[in-house]
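Right, one structure below, let's go through it.
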Amino acid sequence: MKISAKLTLLCALVGSISLSGAEITADNLAETPAAPAAAPKFSAAAEARVRALENFMTATKSRNRDERFSLFLEVLRDDPAAIPPRNYIRGMVDTRADARKIARPLLEISRANPNVPGLAALAGQMCYAANLPPAEYLDDIRGILDGVSEPDKLPDDEKNEYYNIIGAYSSALKQVRDYRTGTHYFESELDREASAYRSMLLRFAVDFEHFFSRYGKRDSRWFGLADSDRRAAEKRFEQLFTELESLEKDASPEELERNIDFYLSVGRPEAALRAAERLVKASQQPSNETRYAYVAIEAKQFDKIPPIVEKLSKIDGWKGVSQLISINSLIAQGKYDEAQKEIGQLKVPIARDEFTLKVLEAKKDYKAMRDELNAMEKRLSPGVDVDLANALRQLIVAEKLRDVELLNRVWKLLADTKQIESPDAANSVGYVAAELNVRLDEAAKLIEEAVKGEPDNYAYLDSMAWVLYRQGRYDEAQKYIDLALRASEQELARGVIYEHLGDILLARGKKAEALAAYREALDYAADDDFDPARVEAKCKKLE
(Lines give C-alpha, C1' and ligand atoms only; values in the text may rest on other atoms or scores of the structure.)
Protein backbone atom coordinates (compact mmCIF):
# COMPACT_ATOMS: atom_id res chain seq x y z
CA MET A 1 0.00 0.00 0.00
CA LYS A 2 1.46 3.33 -0.99
CA ILE A 3 1.14 6.19 1.50
CA SER A 4 1.77 9.82 0.64
CA ALA A 5 5.22 11.14 1.52
CA LYS A 6 3.71 13.48 4.10
CA LEU A 7 1.87 10.71 5.91
CA THR A 8 4.90 8.43 5.73
CA LEU A 9 6.98 11.09 7.51
CA LEU A 10 4.28 11.71 10.10
CA CYS A 11 3.81 8.04 10.88
CA ALA A 12 7.56 7.62 11.29
CA LEU A 13 7.77 10.57 13.66
CA VAL A 14 4.66 9.77 15.71
CA GLY A 15 6.03 6.34 16.46
CA SER A 16 3.43 5.47 19.05
CA ILE A 17 0.51 5.55 16.59
CA SER A 18 -0.54 1.98 15.90
CA LEU A 19 -3.31 0.99 13.52
CA SER A 20 -5.27 -2.14 14.25
CA GLY A 21 -6.33 -4.49 11.48
CA ALA A 22 -9.90 -3.31 11.87
CA GLU A 23 -8.81 0.20 10.93
CA ILE A 24 -7.61 -0.87 7.50
CA THR A 25 -10.26 -2.29 5.19
CA ALA A 26 -9.74 -5.28 2.95
CA ASP A 27 -9.87 -2.94 -0.06
CA ASN A 28 -6.82 -1.15 1.26
CA LEU A 29 -4.87 -4.39 1.32
CA ALA A 30 -5.76 -5.46 -2.18
CA GLU A 31 -3.43 -4.11 -4.82
CA THR A 32 -5.09 -3.10 -8.07
CA PRO A 33 -2.58 -1.48 -10.36
CA ALA A 34 -5.23 0.44 -12.28
CA ALA A 35 -6.85 1.92 -9.15
CA PRO A 36 -5.51 4.99 -7.31
CA ALA A 37 -3.76 4.37 -4.02
CA ALA A 38 -6.16 4.48 -1.09
CA ALA A 39 -5.35 6.57 2.00
CA PRO A 40 -5.27 4.74 5.34
CA LYS A 41 -8.28 5.22 7.62
CA PHE A 42 -7.13 6.48 11.00
CA SER A 43 -9.11 6.30 14.21
CA ALA A 44 -10.13 9.60 15.77
CA ALA A 45 -7.35 9.24 18.36
CA ALA A 46 -4.73 8.59 15.70
CA GLU A 47 -5.93 11.56 13.65
CA ALA A 48 -5.60 13.75 16.74
CA ARG A 49 -2.04 12.54 17.28
CA VAL A 50 -1.12 13.22 13.65
CA ARG A 51 -2.69 16.68 13.84
CA ALA A 52 -0.82 17.32 17.09
CA LEU A 53 2.46 16.37 15.47
CA GLU A 54 1.80 18.62 12.47
CA ASN A 55 1.11 21.55 14.80
CA PHE A 56 4.17 20.76 16.91
CA MET A 57 6.44 20.72 13.86
CA THR A 58 4.95 23.99 12.62
CA ALA A 59 5.31 25.61 16.04
CA THR A 60 8.99 24.76 16.34
CA LYS A 61 9.66 26.41 12.98
CA SER A 62 7.56 29.53 13.56
CA ARG A 63 9.32 32.72 14.67
CA ASN A 64 6.08 34.35 15.79
CA ARG A 65 5.82 33.83 19.55
CA ASP A 66 2.03 34.19 19.73
CA GLU A 67 1.60 31.72 16.90
CA ARG A 68 3.94 29.27 18.62
CA PHE A 69 2.02 29.57 21.89
CA SER A 70 -1.26 28.99 20.03
CA LEU A 71 0.05 25.95 18.17
CA PHE A 72 1.55 24.37 21.28
CA LEU A 73 -1.82 24.77 23.01
CA GLU A 74 -3.47 23.03 20.06
CA VAL A 75 -0.95 20.19 20.40
CA LEU A 76 -1.94 19.75 24.04
CA ARG A 77 -5.64 19.81 23.20
CA ASP A 78 -5.11 16.94 20.75
CA ASP A 79 -2.47 15.12 22.78
CA PRO A 80 -2.70 16.18 26.47
CA ALA A 81 0.03 13.78 27.62
CA ALA A 82 2.63 15.13 25.17
CA ILE A 83 5.74 16.25 27.05
CA PRO A 84 7.77 18.25 24.45
CA PRO A 85 5.22 21.06 23.99
CA ARG A 86 5.01 21.49 27.76
CA ASN A 87 8.77 21.90 27.92
CA TYR A 88 8.76 24.36 25.02
CA ILE A 89 6.07 26.45 26.73
CA ARG A 90 8.05 26.55 29.99
CA GLY A 91 11.12 27.67 28.08
CA MET A 92 9.26 30.39 26.18
CA VAL A 93 7.56 32.09 29.12
CA ASP A 94 9.82 34.98 30.15
CA THR A 95 7.33 37.51 31.50
CA ARG A 96 4.02 37.70 33.26
CA ALA A 97 2.50 38.89 29.99
CA ASP A 98 3.62 35.64 28.34
CA ALA A 99 2.07 33.61 31.15
CA ARG A 100 -1.19 35.51 30.83
CA LYS A 101 -1.51 34.48 27.17
CA ILE A 102 -1.62 30.80 27.98
CA ALA A 103 -2.64 30.35 31.63
CA ARG A 104 -6.41 30.14 31.18
CA PRO A 105 -6.32 27.95 28.01
CA LEU A 106 -3.93 25.59 29.79
CA LEU A 107 -6.24 25.47 32.79
CA GLU A 108 -9.15 24.64 30.49
CA ILE A 109 -7.20 21.78 28.86
CA SER A 110 -6.10 20.50 32.27
CA ARG A 111 -9.68 20.46 33.55
CA ALA A 112 -10.65 18.28 30.60
CA ASN A 113 -7.74 15.92 31.33
CA PRO A 114 -7.44 15.60 35.13
CA ASN A 115 -5.41 12.39 34.87
CA VAL A 116 -2.37 14.11 33.32
CA PRO A 117 -0.26 15.45 36.24
CA GLY A 118 2.28 17.16 34.00
CA LEU A 119 -0.42 19.21 32.32
CA ALA A 120 -1.96 20.19 35.65
CA ALA A 121 1.48 21.17 36.97
CA LEU A 122 2.14 23.40 33.96
CA ALA A 123 -1.32 24.98 34.20
CA GLY A 124 -0.84 25.73 37.89
CA GLN A 125 2.60 27.21 37.34
CA MET A 126 1.39 29.44 34.51
CA CYS A 127 -1.67 30.60 36.49
CA TYR A 128 0.64 31.57 39.32
CA ALA A 129 3.16 33.22 36.99
CA ALA A 130 0.33 35.14 35.33
CA ASN A 131 -0.84 36.32 38.77
CA LEU A 132 -4.38 35.15 38.07
CA PRO A 133 -6.74 35.35 41.05
CA PRO A 134 -6.18 32.05 42.91
CA ALA A 135 -9.94 31.55 43.12
CA GLU A 136 -9.81 30.72 39.40
CA TYR A 137 -7.61 27.68 39.83
CA LEU A 138 -7.21 26.67 43.50
CA ASP A 139 -10.14 24.23 43.44
CA ASP A 140 -8.85 22.63 40.23
CA ILE A 141 -5.42 22.04 41.75
CA ARG A 142 -6.82 20.70 44.99
CA GLY A 143 -9.14 18.38 43.06
CA ILE A 144 -6.19 16.89 41.20
CA LEU A 145 -4.20 16.43 44.42
CA ASP A 146 -7.14 14.75 46.16
CA GLY A 147 -7.72 12.52 43.11
CA VAL A 148 -4.41 10.71 43.66
CA SER A 149 -4.86 8.30 46.54
CA GLU A 150 -1.29 6.99 46.71
CA PRO A 151 1.10 9.66 45.41
CA ASP A 152 4.10 7.81 46.87
CA LYS A 153 3.49 5.03 44.32
CA LEU A 154 3.50 7.30 41.27
CA PRO A 155 6.29 6.75 38.70
CA ASP A 156 9.21 9.11 39.27
CA ASP A 157 8.39 11.42 36.34
CA GLU A 158 4.74 11.73 37.42
CA LYS A 159 5.79 12.15 41.03
CA ASN A 160 7.97 15.12 40.09
CA GLU A 161 5.05 16.73 38.29
CA TYR A 162 2.88 16.00 41.33
CA TYR A 163 5.39 17.90 43.47
CA ASN A 164 5.08 20.81 41.03
CA ILE A 165 1.32 20.75 41.54
CA ILE A 166 1.80 20.84 45.33
CA GLY A 167 4.17 23.79 44.87
CA ALA A 168 1.61 25.69 42.81
CA TYR A 169 -1.10 24.92 45.39
CA SER A 170 1.07 26.08 48.29
CA SER A 171 2.06 29.28 46.46
CA ALA A 172 -1.56 30.12 45.67
CA LEU A 173 -2.58 29.63 49.31
CA LYS A 174 0.24 31.94 50.39
CA GLN A 175 -0.97 34.49 47.86
CA VAL A 176 -4.47 34.59 49.37
CA ARG A 177 -3.04 34.23 52.92
CA ASP A 178 -5.17 31.10 53.56
CA TYR A 179 -3.16 29.51 56.32
CA ARG A 180 -5.67 27.09 57.76
CA THR A 181 -6.56 25.32 54.51
CA GLY A 182 -2.89 24.76 53.75
CA THR A 183 -1.86 23.59 57.19
CA HIS A 184 -4.74 21.10 57.30
CA TYR A 185 -3.71 19.75 53.90
CA PHE A 186 -0.08 19.26 54.91
CA GLU A 187 -1.06 17.75 58.27
CA SER A 188 -3.19 15.12 56.53
CA GLU A 189 -0.45 14.32 53.99
CA LEU A 190 2.21 14.03 56.69
CA ASP A 191 0.15 11.35 58.45
CA ARG A 192 1.50 8.91 55.84
CA GLU A 193 4.23 6.42 56.69
CA ALA A 194 7.86 7.37 56.20
CA SER A 195 8.82 7.49 52.53
CA ALA A 196 10.67 9.67 50.02
CA TYR A 197 7.29 11.27 49.26
CA ARG A 198 6.68 12.13 52.91
CA SER A 199 10.18 13.61 53.21
CA MET A 200 9.49 15.89 50.25
CA LEU A 201 6.11 16.88 51.71
CA LEU A 202 7.88 17.76 54.93
CA ARG A 203 9.96 20.34 53.05
CA PHE A 204 6.85 21.86 51.49
CA ALA A 205 5.19 22.03 54.91
CA VAL A 206 8.24 23.65 56.53
CA ASP A 207 8.34 26.29 53.79
CA PHE A 208 4.59 26.92 54.16
CA GLU A 209 4.75 27.33 57.94
CA HIS A 210 7.81 29.58 57.66
CA PHE A 211 5.95 31.93 55.34
CA PHE A 212 2.96 32.22 57.67
CA SER A 213 5.15 32.60 60.73
CA ARG A 214 6.21 35.90 59.11
CA TYR A 215 3.09 37.00 57.26
CA GLY A 216 0.16 35.26 58.91
CA LYS A 217 -2.65 37.04 60.73
CA ARG A 218 -1.70 38.40 64.15
CA ASP A 219 -5.19 38.33 65.64
CA SER A 220 -5.84 35.53 68.13
CA ARG A 221 -8.87 33.34 67.47
CA TRP A 222 -11.73 32.33 69.72
CA PHE A 223 -11.58 35.50 71.80
CA GLY A 224 -7.91 35.00 72.56
CA LEU A 225 -8.21 31.34 73.56
CA ALA A 226 -6.58 30.04 70.36
CA ASP A 227 -3.29 31.08 68.78
CA SER A 228 -3.21 33.51 65.91
CA ASP A 229 -2.27 32.06 62.53
CA ARG A 230 1.17 33.57 62.94
CA ARG A 231 1.80 32.07 66.37
CA ALA A 232 0.43 28.68 65.33
CA ALA A 233 2.71 28.71 62.28
CA GLU A 234 5.74 29.57 64.45
CA LYS A 235 5.11 26.54 66.68
CA ARG A 236 4.41 24.22 63.77
CA PHE A 237 7.48 25.44 61.89
CA GLU A 238 9.81 24.67 64.81
CA GLN A 239 8.33 21.19 65.20
CA LEU A 240 8.54 20.32 61.51
CA PHE A 241 11.98 21.82 60.99
CA THR A 242 13.42 19.75 63.85
CA GLU A 243 12.03 16.61 62.22
CA LEU A 244 13.38 17.62 58.80
CA GLU A 245 16.90 18.24 60.04
CA SER A 246 16.90 14.91 61.88
CA LEU A 247 16.55 13.11 58.51
CA GLU A 248 19.91 14.46 57.36
CA LYS A 249 22.14 11.82 58.96
CA ASP A 250 22.57 9.66 55.86
CA ALA A 251 22.19 12.41 53.25
CA SER A 252 24.30 12.27 50.09
CA PRO A 253 26.46 15.27 49.05
CA GLU A 254 23.79 16.21 46.50
CA GLU A 255 21.10 16.12 49.18
CA LEU A 256 23.28 18.17 51.53
CA GLU A 257 23.67 20.82 48.80
CA ARG A 258 19.88 21.02 48.44
CA ASN A 259 19.44 21.15 52.21
CA ILE A 260 21.86 24.06 52.53
CA ASP A 261 19.89 26.13 50.03
CA PHE A 262 16.58 25.18 51.63
CA TYR A 263 17.71 25.93 55.18
CA LEU A 264 18.91 29.37 54.10
CA SER A 265 15.59 30.03 52.33
CA VAL A 266 13.63 29.40 55.55
CA GLY A 267 15.92 31.51 57.73
CA ARG A 268 17.99 28.77 59.34
CA PRO A 269 21.63 29.65 58.54
CA GLU A 270 22.92 27.70 61.58
CA ALA A 271 21.36 24.50 60.24
CA ALA A 272 22.74 25.33 56.80
CA LEU A 273 26.20 25.65 58.34
CA ARG A 274 25.89 22.22 59.98
CA ALA A 275 24.91 20.75 56.62
CA ALA A 276 27.85 22.54 54.96
CA GLU A 277 30.21 21.04 57.56
CA ARG A 278 28.90 17.57 56.72
CA LEU A 279 29.34 18.34 53.03
CA VAL A 280 33.00 19.25 53.51
CA LYS A 281 33.61 16.09 55.56
CA ALA A 282 31.96 14.00 52.85
CA SER A 283 33.88 15.62 50.00
CA GLN A 284 36.77 18.02 50.62
CA GLN A 285 36.58 19.72 47.25
CA PRO A 286 37.57 23.42 46.98
CA SER A 287 34.06 24.19 45.76
CA ASN A 288 32.61 22.66 48.95
CA GLU A 289 35.05 24.64 51.11
CA THR A 290 33.91 27.77 49.28
CA ARG A 291 30.28 26.89 49.88
CA TYR A 292 31.01 26.34 53.56
CA ALA A 293 32.72 29.74 53.80
CA TYR A 294 29.80 31.67 52.34
CA VAL A 295 27.32 29.84 54.58
CA ALA A 296 29.53 30.72 57.57
CA ILE A 297 29.31 34.39 56.54
CA GLU A 298 25.52 34.07 56.32
CA ALA A 299 25.46 32.47 59.78
CA LYS A 300 27.83 35.18 61.11
CA GLN A 301 30.36 32.52 62.15
CA PHE A 302 33.29 34.63 61.00
CA ASP A 303 35.92 32.72 63.00
CA LYS A 304 35.57 29.86 60.51
CA ILE A 305 36.65 32.01 57.55
CA PRO A 306 40.44 32.54 58.00
CA PRO A 307 41.37 28.80 57.92
CA ILE A 308 39.34 28.32 54.74
CA VAL A 309 40.89 31.39 53.12
CA GLU A 310 44.39 30.16 53.99
CA LYS A 311 43.67 26.67 52.66
CA LEU A 312 42.15 27.88 49.36
CA SER A 313 44.92 30.43 48.78
CA LYS A 314 47.42 27.54 48.51
CA ILE A 315 45.45 25.68 45.83
CA ASP A 316 46.28 26.47 42.21
CA GLY A 317 43.52 28.56 40.65
CA TRP A 318 41.72 29.30 43.93
CA LYS A 319 43.67 32.29 45.29
CA GLY A 320 41.26 34.76 43.69
CA VAL A 321 38.30 32.94 45.24
CA SER A 322 39.98 33.06 48.67
CA GLN A 323 40.39 36.85 48.28
CA LEU A 324 36.71 37.32 47.46
CA ILE A 325 35.66 35.22 50.46
CA SER A 326 37.86 37.27 52.76
CA ILE A 327 36.57 40.59 51.41
CA ASN A 328 32.94 39.53 51.73
CA SER A 329 33.56 38.38 55.29
CA LEU A 330 35.19 41.68 56.26
CA ILE A 331 32.33 43.69 54.75
CA ALA A 332 29.76 41.56 56.59
CA GLN A 333 31.64 42.28 59.84
CA GLY A 334 31.73 46.01 59.15
CA LYS A 335 35.54 46.01 58.86
CA TYR A 336 35.49 48.34 55.91
CA ASP A 337 39.07 49.67 56.06
CA GLU A 338 40.50 46.15 56.12
CA ALA A 339 38.18 45.17 53.27
CA GLN A 340 39.31 48.15 51.20
CA LYS A 341 42.98 47.17 51.64
CA GLU A 342 42.24 43.70 50.30
CA ILE A 343 40.15 45.13 47.47
CA GLY A 344 43.23 47.10 46.37
CA GLN A 345 45.07 43.80 45.89
CA LEU A 346 42.56 42.42 43.38
CA LYS A 347 44.02 42.14 39.89
CA VAL A 348 40.80 42.64 37.91
CA PRO A 349 39.76 46.35 37.68
CA ILE A 350 36.04 45.58 37.37
CA ALA A 351 36.20 43.48 40.55
CA ARG A 352 37.92 46.36 42.40
CA ASP A 353 35.24 48.78 41.24
CA GLU A 354 32.37 46.48 42.19
CA PHE A 355 33.69 45.72 45.67
CA THR A 356 34.52 49.36 46.32
CA LEU A 357 30.90 50.23 45.55
CA LYS A 358 29.75 47.37 47.79
CA VAL A 359 31.78 48.77 50.69
CA LEU A 360 30.47 52.30 50.17
CA GLU A 361 26.89 51.05 49.95
CA ALA A 362 27.33 49.04 53.16
CA LYS A 363 28.69 52.17 54.85
CA LYS A 364 25.84 54.23 53.35
CA ASP A 365 28.49 56.67 52.18
CA TYR A 366 26.53 57.86 49.17
CA LYS A 367 28.69 60.93 48.54
CA ALA A 368 31.77 58.74 48.06
CA MET A 369 29.65 56.35 46.03
CA ARG A 370 28.68 59.22 43.73
CA ASP A 371 32.36 60.11 43.22
CA GLU A 372 33.28 56.49 42.51
CA LEU A 373 30.48 56.10 39.95
CA ASN A 374 31.58 59.31 38.22
CA ALA A 375 35.15 58.02 38.04
CA MET A 376 33.94 54.68 36.64
CA GLU A 377 31.95 56.53 33.99
CA LYS A 378 35.02 58.55 32.93
CA ARG A 379 37.05 55.37 32.55
CA LEU A 380 34.75 54.14 29.79
CA SER A 381 36.35 54.01 26.35
CA PRO A 382 35.45 56.88 23.99
CA GLY A 383 32.27 56.17 22.04
CA VAL A 384 30.98 53.59 24.54
CA ASP A 385 27.39 54.19 25.63
CA VAL A 386 26.63 55.09 29.21
CA ASP A 387 26.69 51.90 31.27
CA LEU A 388 23.03 51.37 32.16
CA ALA A 389 23.77 49.51 35.39
CA ASN A 390 25.96 52.36 36.64
CA ALA A 391 23.40 54.93 35.53
CA LEU A 392 20.73 53.16 37.60
CA ARG A 393 23.10 53.13 40.57
CA GLN A 394 23.64 56.85 40.14
CA LEU A 395 19.89 57.33 40.28
CA ILE A 396 19.82 55.50 43.62
CA VAL A 397 22.55 57.82 44.88
CA ALA A 398 20.63 60.84 43.57
CA GLU A 399 17.60 59.67 45.55
CA LYS A 400 19.56 59.04 48.76
CA LEU A 401 21.40 62.38 48.56
CA ARG A 402 18.36 64.20 47.18
CA ASP A 403 20.68 65.39 44.43
CA VAL A 404 18.52 66.95 41.72
CA GLU A 405 21.56 67.97 39.68
CA LEU A 406 22.77 64.36 39.50
CA LEU A 407 19.28 63.18 38.56
CA ASN A 408 19.11 65.69 35.73
CA ARG A 409 22.58 64.76 34.47
CA VAL A 410 21.82 61.01 34.38
CA TRP A 411 18.40 61.73 32.88
CA LYS A 412 20.05 63.64 30.03
CA LEU A 413 22.69 60.96 29.48
CA LEU A 414 20.07 58.24 29.23
CA ALA A 415 17.91 60.35 26.94
CA ASP A 416 20.85 61.24 24.66
CA THR A 417 21.81 57.58 24.29
CA LYS A 418 18.15 56.50 23.93
CA GLN A 419 18.59 54.10 26.85
CA ILE A 420 15.75 55.86 28.63
CA GLU A 421 13.47 53.89 26.30
CA SER A 422 14.22 50.86 28.47
CA PRO A 423 11.24 50.34 30.85
CA ASP A 424 13.61 49.92 33.81
CA ALA A 425 15.43 53.15 33.02
CA ALA A 426 12.20 55.08 32.38
CA ASN A 427 10.67 53.83 35.61
CA SER A 428 13.82 54.52 37.66
CA VAL A 429 14.20 58.08 36.36
CA GLY A 430 10.50 58.77 36.86
CA TYR A 431 10.41 57.33 40.36
CA VAL A 432 13.46 59.27 41.58
CA ALA A 433 11.97 62.44 40.10
CA ALA A 434 8.78 61.74 42.04
CA GLU A 435 10.78 61.10 45.21
CA LEU A 436 12.59 64.44 44.76
CA ASN A 437 9.32 66.10 43.73
CA VAL A 438 10.70 67.56 40.49
CA ARG A 439 9.69 67.45 36.81
CA LEU A 440 6.56 65.54 37.79
CA ASP A 441 4.73 65.83 34.46
CA GLU A 442 7.73 64.43 32.56
CA ALA A 443 8.20 61.75 35.20
CA ALA A 444 4.56 60.68 34.90
CA LYS A 445 4.95 60.26 31.12
CA LEU A 446 8.06 58.11 31.55
CA ILE A 447 6.44 55.85 34.11
CA GLU A 448 3.28 55.63 32.01
CA GLU A 449 5.36 54.27 29.12
CA ALA A 450 6.98 51.72 31.43
CA VAL A 451 3.54 50.61 32.65
CA LYS A 452 2.30 50.27 29.06
CA GLY A 453 5.21 47.95 28.34
CA GLU A 454 4.66 45.84 31.48
CA PRO A 455 1.17 46.51 32.87
CA ASP A 456 1.56 43.87 35.60
CA ASN A 457 4.92 45.06 36.93
CA TYR A 458 4.22 45.96 40.55
CA ALA A 459 7.27 48.25 40.80
CA TYR A 460 6.07 50.33 37.84
CA LEU A 461 2.52 50.46 39.21
CA ASP A 462 3.85 51.63 42.56
CA SER A 463 5.90 54.33 40.80
CA MET A 464 2.79 55.49 38.95
CA ALA A 465 0.87 55.71 42.21
CA TRP A 466 3.69 57.69 43.78
CA VAL A 467 4.04 60.26 41.02
CA LEU A 468 0.25 60.76 41.04
CA TYR A 469 0.41 61.23 44.81
CA ARG A 470 3.10 63.88 44.35
CA GLN A 471 0.84 65.63 41.85
CA GLY A 472 -1.98 65.67 44.40
CA ARG A 473 -4.12 63.25 42.35
CA TYR A 474 -4.94 61.05 45.31
CA ASP A 475 -7.92 59.13 43.95
CA GLU A 476 -5.96 58.12 40.86
CA ALA A 477 -2.97 57.25 43.04
CA GLN A 478 -5.24 54.97 45.09
CA LYS A 479 -6.22 53.01 41.98
CA TYR A 480 -2.59 52.39 41.02
CA ILE A 481 -1.43 51.50 44.53
CA ASP A 482 -4.24 48.95 44.74
CA LEU A 483 -3.05 47.48 41.43
CA ALA A 484 0.52 47.39 42.76
CA LEU A 485 -0.59 45.50 45.86
CA ARG A 486 -2.54 43.02 43.75
CA ALA A 487 0.40 42.51 41.39
CA SER A 488 2.86 42.06 44.28
CA GLU A 489 0.89 39.44 46.24
CA GLN A 490 3.58 36.86 45.45
CA GLU A 491 6.43 39.15 46.52
CA LEU A 492 8.17 39.65 49.85
CA ALA A 493 9.52 43.14 49.06
CA ARG A 494 6.32 45.08 49.70
CA GLY A 495 7.34 47.41 52.53
CA VAL A 496 7.58 50.53 50.36
CA ILE A 497 4.29 49.73 48.61
CA TYR A 498 2.44 49.50 51.92
CA GLU A 499 4.14 52.69 53.11
CA HIS A 500 2.97 54.46 49.96
CA LEU A 501 -0.52 53.06 50.54
CA GLY A 502 -0.47 54.57 54.02
CA ASP A 503 0.66 57.96 52.70
CA ILE A 504 -2.07 57.96 50.04
CA LEU A 505 -4.78 56.93 52.52
CA LEU A 506 -3.62 59.61 54.95
CA ALA A 507 -3.80 62.22 52.19
CA ARG A 508 -7.38 61.08 51.54
CA GLY A 509 -8.27 61.59 55.22
CA LYS A 510 -8.44 57.88 56.14
CA LYS A 511 -6.25 57.85 59.23
CA ALA A 512 -7.26 54.46 60.68
CA GLU A 513 -6.70 52.72 57.34
CA ALA A 514 -3.39 54.54 56.90
CA LEU A 515 -2.19 53.32 60.31
CA ALA A 516 -3.15 49.74 59.39
CA ALA A 517 -1.17 50.07 56.14
CA TYR A 518 1.91 51.37 57.98
CA ARG A 519 1.72 48.47 60.43
CA GLU A 520 1.45 46.06 57.51
CA ALA A 521 4.54 47.66 55.97
CA LEU A 522 6.57 46.80 59.06
CA ASP A 523 6.09 43.09 58.29
CA TYR A 524 8.18 43.62 55.17
CA ALA A 525 11.20 45.19 56.81
CA ALA A 526 13.47 42.96 54.70
CA ASP A 527 12.65 45.14 51.67
CA ASP A 528 16.00 46.75 50.79
CA ASP A 529 14.39 50.11 49.90
CA PHE A 530 12.34 50.22 53.09
CA ASP A 531 13.15 52.31 56.17
CA PRO A 532 11.40 50.79 59.23
CA ALA A 533 12.35 53.68 61.52
CA ARG A 534 10.62 56.17 59.22
CA VAL A 535 7.42 54.10 59.18
CA GLU A 536 7.49 53.51 62.95
CA ALA A 537 7.63 57.29 63.37
CA LYS A 538 4.55 57.62 61.15
CA CYS A 539 2.73 55.02 63.25
CA LYS A 540 3.53 56.81 66.50
CA LYS A 541 2.33 60.09 65.09
CA LEU A 542 -1.04 58.57 64.13
CA GLU A 543 -1.39 56.61 67.36
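Following the order of the C-alpha coordinates, first chain is A, next is B, and so on, with residues numbered from 1 inside each chain and ligands from 1 in the order they appear.
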For segment 95-170 of chain A versus segment 472-492 of chain A, which residues have an atom no more than 10 Å away, and what is each residue's nearest atom pair and distance in Å rounded to one decimal, using only C-alpha atoms, chain-then-number order, as a Markdown table?
| residue | atom | partner | partner_atom | distance |
| --- | --- | --- | --- | --- |
| A:Tyr128 | CA | A:Gln490 | CA | 8.6 |
| A:Ala129 | CA | A:Gln490 | CA | 9.2 |
| A:Ala130 | CA | A:Ala487 | CA | 9.5 |
| A:Asn131 | CA | A:Ala487 | CA | 6.8 |
| A:Leu132 | CA | A:Ala487 | CA | 9.4 |
| A:Pro133 | CA | A:Arg486 | CA | 9.2 |
Writer output for current selection, N, CA, C and O atoms, as a PDB file, in the first residue's frame:
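Result went into selection_8.pdb, see below:
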ATOM      1  N   TYR A 128      -0.084  30.834  38.282  1.00  0.00           N
ATOM      2  CA  TYR A 128       0.636  31.574  39.322  1.00  0.00           C
ATOM      3  C   TYR A 128       1.525  32.640  38.705  1.00  0.00           C
ATOM      4  O   TYR A 128       1.550  33.790  39.142  1.00  0.00           O
ATOM      5  N   ALA A 129       2.270  32.260  37.650  1.00  0.00           N
ATOM      6  CA  ALA A 129       3.162  33.223  36.993  1.00  0.00           C
ATOM      7  C   ALA A 129       2.382  34.382  36.395  1.00  0.00           C
ATOM      8  O   ALA A 129       2.859  35.520  36.362  1.00  0.00           O
ATOM      9  N   ALA A 130       1.162  34.101  35.919  1.00  0.00           N
ATOM     10  CA  ALA A 130       0.329  35.142  35.326  1.00  0.00           C
ATOM     11  C   ALA A 130      -0.342  36.008  36.381  1.00  0.00           C
ATOM     12  O   ALA A 130      -0.986  37.012  36.059  1.00  0.00           O
ATOM     13  N   ASN A 131      -0.208  35.600  37.662  1.00  0.00           N
ATOM     14  CA  ASN A 131      -0.836  36.316  38.769  1.00  0.00           C
ATOM     15  C   ASN A 131      -2.358  36.351  38.619  1.00  0.00           C
ATOM     16  O   ASN A 131      -3.001  37.350  38.942  1.00  0.00           O
ATOM     17  N   LEU A 132      -2.926  35.239  38.140  1.00  0.00           N
ATOM     18  CA  LEU A 132      -4.384  35.146  38.074  1.00  0.00           C
ATOM     19  C   LEU A 132      -4.940  35.045  39.492  1.00  0.00           C
ATOM     20  O   LEU A 132      -4.260  34.526  40.389  1.00  0.00           O
ATOM     21  N   PRO A 133      -6.151  35.512  39.728  1.00  0.00           N
ATOM     22  CA  PRO A 133      -6.743  35.346  41.052  1.00  0.00           C
ATOM     23  C   PRO A 133      -6.779  33.863  41.414  1.00  0.00           C
ATOM     24  O   PRO A 133      -7.289  33.045  40.638  1.00  0.00           O
TER      25      PRO A 133
END
Distance query Ala99 of chain A at most 12 Å, only C-alpha atoms, self and fewer than 5 positions along chain excluded, as a count of residues only: 24
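Minimum distance to Ala443 of chain A across A:Lys341, A:Arg470, A:Arg63, A:Arg274 (counting only C-alpha atoms) occurs at A:Arg470.
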Taking 4 positions as the minimum chain separation for residues in the same chain, which residues sit within 7 Å of Tyr498 of chain A when counting only C-alpha atoms? Answer as number ranges by chain. A: 494, 502, 517-518, 520-521
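With only C-alpha atoms as the atoms that count, the residue of A:Ser329, A:Trp318, A:Leu244, A:Tyr469 with the shortest distance to Pro306 of chain A is A:Ser329.
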I'd like the interatomic distance between atom CA of Arg214 of chain A and atom CA of Ala226 of chain A, to a tenth of an Å.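 Pair atom CA of Arg214 of chain A / atom CA of Ala226 of chain A returns 18.0 Å.
Distances here use only C-alpha atoms; by that measure, the residue among A:Asp79, A:Glu234, A:Asp229, A:Glu158 closest to Gly182 of chain A is A:Asp229.
Residue neighbourhood of segment 522-533 of chain A, excluding near-sequence residues (fewer than 4 positions): Ala493, Arg494, Gly495 and Val496 of chain A, at 6 Å, using only C-alpha atoms.
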Just how far from atom CA of Tyr179 of chain A is atom CA of Asp157 of chain A, in Å to one decimal?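 Atom-to-atom, atom CA of Asp157 of chain A and atom CA of Tyr179 of chain A are spaced 29.3 Å apart.
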Asn374 of chain A: which residues within 10 Å, counting only C-alpha atoms, same-chain residues fewer than 6 positions away excluded, as a ChimeraX atom specification? /A:368,390-391,394
Find, counting only C-alpha atoms, the residue in A:Glu243, A:Asp178, A:Glu238, A:Glu442 that gets nearest to Ser199 of chain A.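 Smallest separation from Ser199 of chain A among the options: A:Glu243.
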